[in-house]
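Student: Take a look at the following structure, please.
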Amino acid sequence: MTPRKYLVLLAIVVFASFGDISLSHGMKRVGAISGARWTELFAAVLNPWVALGIVLLLGFFAAYLSALSWSDLTYVLPATSLGYVLLALLSVWLLGEKVSFSRWIGILLVSSGVGIVTRGPSVTHRHRPEPEPVAGDKR
Amino acid sequence: MNALRTWSAIAGIVLSSTVGDVLLSRAMRQIGHVGELWRREGLGAALKAIVMHPSFLLALFFMAVSFFGLLLALSWADVSLVVPATASLSYVTNALAARLFLHERVDRRRWMSALLVCAGVAVLAA
């Protein structure tokens, strides 16, 4: 794991939580969609907050694809779960909620899960030949 | 009734996002390090390798299903329930699926981490 790879993991965390906050804010403005009028879901993407959420989630997706290309799914997912801690903090700062004792416990549990997985290997090594390094390829 | 439809949506989101993640992970592992591919052959070649991959396209379909499921669920219930609940359950289903279908070595460390995160996210939702 290089510093650059940790930056990609950080980008996943930041884009995902800001994207979710924006989607949530947008859908609250759109209002509840009933089962009979489910096609309104497609119109919901025109709401500016939902659209911003989608743009942010596209940024998340690019970073996520990059991370999956060099590490295991069972590494990337827990390693980026700090996003839920950030999401909880953002809902406090942006939506004015209070952090209860149980929420601090949740933050502690997620953080320890992240701490544990990031101390281990990021990829399952399989017995197969490495691709030939190309001349001039900077590593 | 409202709780039932919300939790049905959550189950649907978890299932489709797990299938999507596993397919996506498989596609990206087969393509290899995209950063290096970008440097070697340019951004166009890297993007082409990704969007032409059958597993990637199938993954996109499942992620679209889970995304519209998420929008639907968010229109019924709070983000502070829906997002952590789907996420929390996904850590366990993903660990199982990664072991079964991707043959990742999910050792005790990773199981412990997945369960801690799952529990933590569940507590955050409560």
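Ligands are numbered from 1 in the order shown, residues from 1 within each chain, and chains are lettered A, B, ... in the order they appear in the structure tokens.
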For chain B, report every residue with an atom at most 6 Å from chain A (counting only C-alpha atoms), formatted as a list in words.

Tutor: Ser25, Met28, Arg29, Gly32, His33, Val34, Ser75, Trp76, Ala95, Glu104, Arg105, Arg110, Ser113, Leu116, Val117, Gly120, Val123 and Leu124 of chain B

Student: Any chance you could list, as a ChimeraX atom specification, the residues in range 3-133 of chain A that come up helix (DSSP H, G or I) when DSSP is run on the backbone?

Tutor: /A:3-30,35-37,40-44,48-70,73-79,82-95,101-118

Student: Export, as an mmCIF file, in the first residue's frame, the selected residues with C-alpha atoms.

Tutor:
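Heads up, here's the output in part01.cif:
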```cif
data_model
loop_
_atom_site.group_PDB
_atom_site.id
_atom_site.type_symbol
_atom_site.label_atom_id
_atom_site.label_comp_id
_atom_site.auth_asym_id
_atom_site.auth_seq_id
_atom_site.Cartn_x
_atom_site.Cartn_y
_atom_site.Cartn_z
ATOM 1 C CA PRO A 3 0.396 6.839 0.029
ATOM 2 C CA ARG A 4 -1.276 7.270 -3.347
ATOM 3 C CA LYS A 5 -3.440 4.207 -2.711
ATOM 4 C CA TYR A 6 -4.491 5.560 0.695
ATOM 5 C CA LEU A 7 -5.504 8.771 -1.119
ATOM 6 C CA VAL A 8 -7.762 6.729 -3.418
ATOM 7 C CA LEU A 9 -9.360 5.094 -0.344
ATOM 8 C CA LEU A 10 -9.852 8.586 1.155
ATOM 9 C CA ALA A 11 -11.519 9.772 -2.071
ATOM 10 C CA ILE A 12 -13.935 6.818 -1.848
ATOM 11 C CA VAL A 13 -14.867 7.807 1.720
ATOM 12 C CA VAL A 14 -15.351 11.526 0.983
ATOM 13 C CA PHE A 15 -17.248 11.197 -2.322
ATOM 14 C CA ALA A 16 -19.549 8.460 -0.986
ATOM 15 C CA SER A 17 -20.613 10.314 2.166
ATOM 16 C CA PHE A 18 -21.133 13.723 0.542
ATOM 17 C CA GLY A 19 -22.981 11.965 -2.300
ATOM 18 C CA ASP A 20 -25.347 10.189 0.118
ATOM 19 C CA ILE A 21 -26.017 13.395 2.083
ATOM 20 C CA SER A 22 -26.870 15.208 -1.143
ATOM 21 C CA LEU A 23 -29.158 12.391 -2.395
ATOM 22 C CA SER A 24 -30.961 12.271 0.927
ATOM 23 C CA HIS A 25 -31.484 16.042 0.984
ATOM 24 C CA GLY A 26 -32.832 15.907 -2.579
ATOM 25 C CA MET A 27 -35.211 12.988 -1.967
ATOM 26 C CA LYS A 28 -36.592 14.733 1.126
ATOM 27 C CA ARG A 29 -37.533 17.641 -1.138
ATOM 28 C CA VAL A 30 -39.014 15.361 -3.800
ATOM 29 C CA GLY A 35 -45.705 2.294 -5.436
ATOM 30 C CA ALA A 36 -48.350 3.217 -8.011
ATOM 31 C CA ARG A 37 -46.351 6.240 -9.179
ATOM 32 C CA GLU A 40 -41.588 9.461 -10.640
ATOM 33 C CA LEU A 41 -38.283 7.936 -9.481
ATOM 34 C CA PHE A 42 -36.831 8.677 -12.900
ATOM 35 C CA ALA A 43 -38.011 12.294 -12.725
ATOM 36 C CA ALA A 44 -36.355 12.584 -9.281
ATOM 37 C CA PRO A 48 -30.524 19.531 -8.405
ATOM 38 C CA TRP A 49 -29.549 17.893 -5.097
ATOM 39 C CA VAL A 50 -30.177 14.408 -6.482
ATOM 40 C CA ALA A 51 -28.177 15.374 -9.590
ATOM 41 C CA LEU A 52 -25.289 16.680 -7.444
ATOM 42 C CA GLY A 53 -25.442 13.452 -5.439
ATOM 43 C CA ILE A 54 -25.144 11.455 -8.658
ATOM 44 C CA VAL A 55 -22.106 13.491 -9.781
ATOM 45 C CA LEU A 56 -20.419 12.906 -6.409
ATOM 46 C CA LEU A 57 -21.258 9.208 -6.550
ATOM 47 C CA LEU A 58 -19.673 9.044 -10.030
ATOM 48 C CA GLY A 59 -16.464 10.377 -8.443
ATOM 49 C CA PHE A 60 -16.830 7.690 -5.805
ATOM 50 C CA PHE A 61 -17.316 5.074 -8.516
ATOM 51 C CA ALA A 62 -14.111 6.019 -10.359
ATOM 52 C CA ALA A 63 -12.069 5.807 -7.167
ATOM 53 C CA TYR A 64 -13.790 2.560 -6.198
ATOM 54 C CA LEU A 65 -13.026 0.932 -9.574
ATOM 55 C CA SER A 66 -9.398 1.952 -9.218
ATOM 56 C CA ALA A 67 -9.154 0.471 -5.704
ATOM 57 C CA LEU A 68 -10.799 -2.804 -6.754
ATOM 58 C CA SER A 69 -8.240 -3.180 -9.536
ATOM 59 C CA TRP A 70 -5.410 -3.506 -6.996
ATOM 60 C CA LEU A 73 -13.219 -6.560 -2.137
ATOM 61 C CA THR A 74 -13.032 -7.726 1.495
ATOM 62 C CA TYR A 75 -10.223 -5.181 2.054
ATOM 63 C CA VAL A 76 -11.694 -2.188 0.207
ATOM 64 C CA LEU A 77 -15.135 -2.392 1.826
ATOM 65 C CA PRO A 78 -14.114 -2.362 5.513
ATOM 66 C CA ALA A 79 -11.207 0.021 4.825
ATOM 67 C CA LEU A 82 -14.998 5.280 7.808
ATOM 68 C CA GLY A 83 -17.446 6.919 5.382
ATOM 69 C CA TYR A 84 -20.259 5.952 7.763
ATOM 70 C CA VAL A 85 -18.484 7.739 10.580
ATOM 71 C CA LEU A 86 -18.141 10.785 8.315
ATOM 72 C CA LEU A 87 -21.815 10.439 7.308
ATOM 73 C CA ALA A 88 -22.839 10.452 10.998
ATOM 74 C CA LEU A 89 -20.661 13.521 11.678
ATOM 75 C CA LEU A 90 -22.005 15.330 8.590
ATOM 76 C CA SER A 91 -25.605 14.698 9.651
ATOM 77 C CA VAL A 92 -24.642 16.315 12.965
ATOM 78 C CA TRP A 93 -22.940 19.344 11.404
ATOM 79 C CA LEU A 94 -25.252 19.867 8.444
ATOM 80 C CA LEU A 95 -28.584 18.644 9.836
ATOM 81 C CA PHE A 101 -23.769 7.761 23.538
ATOM 82 C CA SER A 102 -24.759 4.751 21.369
ATOM 83 C CA ARG A 103 -23.709 6.633 18.250
ATOM 84 C CA TRP A 104 -20.232 7.175 19.710
ATOM 85 C CA ILE A 105 -20.123 3.397 20.398
ATOM 86 C CA GLY A 106 -21.022 2.795 16.732
ATOM 87 C CA ILE A 107 -18.278 5.160 15.585
ATOM 88 C CA LEU A 108 -15.807 3.328 17.837
ATOM 89 C CA LEU A 109 -16.834 -0.112 16.476
ATOM 90 C CA VAL A 110 -16.563 0.959 12.821
ATOM 91 C CA SER A 111 -13.200 2.617 13.441
ATOM 92 C CA SER A 112 -11.790 -0.493 15.151
ATOM 93 C CA GLY A 113 -12.993 -2.627 12.233
ATOM 94 C CA VAL A 114 -11.171 -0.291 9.856
ATOM 95 C CA GLY A 115 -8.066 -0.358 12.060
ATOM 96 C CA ILE A 116 -8.009 -4.164 12.068
ATOM 97 C CA VAL A 117 -8.418 -4.721 8.324
ATOM 98 C CA THR A 118 -5.928 -2.054 7.238
#
```

Student: When you draw a straight line from CA of Val19 in chain B to CA of Ser88 in chain B, how long is it in Å?

Tutor: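 Separation between CA of Val19 in chain B and CA of Ser88 in chain B: 15.6 Å.
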
Student: Kindly give the distance, in Å, that separates CA of Asn2 in chain B and CA of Ser16 in chain B, rounded to a single decimal.

Tutor: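 Going from CA of Asn2 in chain B over to CA of Ser16 in chain B, I get 21.3 Å.
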
Student: So how many Å separate CA of Val51 in chain B and CA of Ala97 in chain B, to one decimal?

Tutor: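 So the two atoms, CA of Val51 in chain B and CA of Ala97 in chain B, lie 23.1 Å apart.
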
Student: List as a ChimeraX atom specification the protein and nucleic acid residues near Ser17 in chain B, meaning an atom at most 8 Å away when only C-alpha atoms are counted, but skip any in the same chain fewer than 5 places from it.

Tutor: /B:62-63,66,90
